[in-house]
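Dumped upload36.txt below, it's compact mmCIF, C-alpha atoms:
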```txt
# COMPACT_ATOMS: atom_id res chain seq x y z
CA MET A 1 16.68 137.77 123.48
CA GLU A 2 14.84 135.63 120.96
CA LEU A 3 15.40 131.98 121.84
CA LYS A 4 16.21 129.76 118.87
CA PRO A 5 18.49 126.81 118.13
CA ILE A 6 22.17 127.55 117.64
CA LYS A 7 22.97 127.15 113.94
CA SER A 8 26.36 128.85 113.61
CA GLU A 9 29.47 129.88 115.48
CA LYS A 10 28.13 133.45 115.47
CA ASP A 11 24.89 132.32 117.15
CA TYR A 12 26.97 130.38 119.67
CA ARG A 13 29.14 133.41 120.56
CA ASN A 14 26.07 135.66 120.88
CA ILE A 15 24.36 133.24 123.24
CA LEU A 16 27.54 132.85 125.31
CA GLU A 17 27.77 136.64 125.63
CA ARG A 18 24.13 136.89 126.70
CA LEU A 19 24.52 134.06 129.19
CA GLU A 20 27.55 135.78 130.71
CA ILE A 21 25.40 138.85 131.37
CA ILE A 22 22.48 137.01 133.01
CA PHE A 23 24.32 134.02 134.49
CA ASP A 24 23.87 135.01 138.15
CA ALA A 25 20.19 135.92 137.84
CA PRO A 26 17.93 134.23 140.41
CA VAL A 27 16.31 131.07 139.02
CA ASP A 28 12.76 132.30 139.63
CA THR A 29 13.18 135.43 137.45
CA LYS A 30 12.75 135.98 133.72
CA ASP A 31 16.53 136.27 133.26
CA GLY A 32 17.07 133.18 135.39
CA GLY A 33 14.71 131.16 133.20
CA GLU A 34 16.40 132.51 130.09
CA ALA A 35 19.82 131.57 131.50
CA GLU A 36 18.63 128.02 132.08
CA ILE A 37 17.32 127.71 128.51
CA LEU A 38 20.48 129.26 127.04
CA SER A 39 22.58 126.78 129.04
CA LEU A 40 20.61 123.90 127.51
CA LEU A 41 21.02 125.32 124.00
CA ILE A 42 24.76 125.69 124.54
CA GLU A 43 25.07 122.18 125.97
CA ASN A 44 23.19 120.72 123.01
CA TYR A 45 25.31 122.63 120.48
CA GLU A 46 28.58 121.64 122.16
CA ASN A 47 27.52 117.97 122.39
CA GLU A 48 26.74 117.93 118.67
CA LEU A 49 29.91 119.77 117.70
CA TYR A 50 32.31 118.10 120.15
CA PRO A 51 30.89 114.69 121.06
CA ILE A 52 32.69 112.83 123.83
CA GLU A 53 32.79 109.15 123.13
CA ALA A 54 32.77 106.56 125.87
CA PRO A 55 36.28 105.39 126.70
CA ASP A 56 37.51 102.00 125.62
CA PRO A 57 37.00 99.68 128.64
CA ILE A 58 40.66 98.59 128.74
CA GLU A 59 41.84 102.20 128.49
CA ALA A 60 39.43 103.14 131.28
CA ILE A 61 40.89 100.36 133.46
CA LYS A 62 44.44 101.51 132.73
CA ILE A 63 43.59 105.14 133.50
CA ARG A 64 41.94 104.20 136.78
CA MET A 65 44.87 101.96 137.70
CA GLU A 66 47.22 104.87 137.08
CA GLU A 67 45.08 107.18 139.23
CA LEU A 68 45.25 104.64 142.06
CA ASN A 69 48.97 103.96 141.52
CA MET A 70 48.19 100.33 140.74
CA ARG A 71 50.23 97.95 138.62
CA GLN A 72 49.23 94.84 136.71
CA LYS A 73 50.30 92.70 139.65
CA ASN A 74 47.57 94.36 141.74
CA LEU A 75 44.95 92.72 139.49
CA VAL A 76 46.34 89.21 139.95
CA GLY A 77 43.71 87.19 141.77
CA ILE A 78 40.97 89.60 140.76
CA VAL A 79 40.78 88.75 137.07
CA GLY A 80 43.02 85.70 137.12
CA GLY A 81 46.70 84.94 137.19
CA LYS A 82 49.58 87.09 136.02
CA SER A 83 49.34 85.87 132.42
CA ARG A 84 45.54 86.39 132.31
CA VAL A 85 45.91 89.98 133.55
CA SER A 86 48.50 90.62 130.85
CA GLU A 87 46.30 89.05 128.15
CA ILE A 88 43.34 91.20 129.16
CA LEU A 89 45.27 94.46 129.35
CA ASN A 90 46.87 93.67 125.98
CA ARG A 91 43.44 92.86 124.49
CA LYS A 92 44.27 89.22 123.76
CA LYS A 93 41.47 87.97 126.03
CA ARG A 94 38.07 89.46 126.72
CA LEU A 95 36.76 90.51 130.09
CA THR A 96 34.02 88.30 131.53
CA VAL A 97 31.01 89.65 133.41
CA ASP A 98 32.48 88.39 136.69
CA MET A 99 35.79 90.14 135.98
CA ILE A 100 33.97 93.37 135.18
CA ARG A 101 32.05 93.18 138.45
CA GLU A 102 35.25 92.64 140.45
CA LEU A 103 37.03 95.46 138.64
CA GLU A 104 34.12 97.78 139.29
CA ARG A 105 34.28 96.90 142.96
CA ILE A 106 37.99 97.68 143.37
CA LEU A 107 38.45 100.46 140.85
```

Target encoding structure tokens, full file:
Amino acid sequence: MELKPIKSEKDYRNILERLEIIFDAPVDTKDGGEAEILSLLIENYENELYPIEAPDPIEAIKIRMEELNMRQKNLVGIVGGKSRVSEILNRKKRLTVDMIRELERIL
């Protein structure tokens, strides 16, 4: 297959089909090398077409708290008192560097 940048949905589908055929080829073979290059082309195309933005820090904290079954009260003493935790999670106060370090440690 001629290797070239993906410019259209048709190119994308064709490369996906080709990759499906050669996906399990050993890395040290011609098909294995081609599969690696096709994977990079696909990744680049998908990143341009469907960029994933970094999460909002407060949303990231809330998501992680939910994953750990934590409540706001669990952050009291880590980022301050009850009212400070509420202010931060409601975006009324900003996180400090020290708070971020502590949150990284526990979350």

Open item on the list: Need to verify the contact set: segment 78-95 of chain A, 10 Å, all atoms listed in the file, exclusion of same-chain residues closer than 3 positions in sequence. Can you return it as JSON, numbers by chain?
Closed with: {"A": [57, 58, 59, 61, 62, 72, 73, 74, 75, 98, 99, 100, 101, 102, 103, 106]}

Open item on the list: When you count only C-alpha atoms, which of these residues is closest to Glu9 of chain A: A:Ile22, A:Val27, A:Leu38, A:Leu49?
Closed with: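 Using only C-alpha atoms, the shortest distance to Glu9 of chain A belongs to A:Leu49.
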
TODO: Please measure the separation of atom CA of Leu3 of chain A and atom CA of Pro51 of chain A, giving the value in Å to one decimal.
DONE: 23.2 Å

Open item on the list: Applying 12 Å and all atoms listed in the file, which residues near segment 28-37 of chain A remain after dropping the ones on its own chain fewer than 3 positions away? List them as a PyMOL selection string.
Closed with: chain A and resi 1-6+15-25+40-44

TODO: Calculate how many Å separate atom CA of Asp56 of chain A from atom CA of Ser39 of chain A, rounding to one decimal.
DONE: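 For atom CA of Asp56 of chain A relative to atom CA of Ser39 of chain A, the distance reads 29.1 Å.
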
Task: Distance of atom CA of Thr96 of chain A from atom CA of Glu66 of chain A, expressed in Å to one decimal place - done: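 Pair atom CA of Glu66 of chain A / atom CA of Thr96 of chain A returns 21.9 Å.
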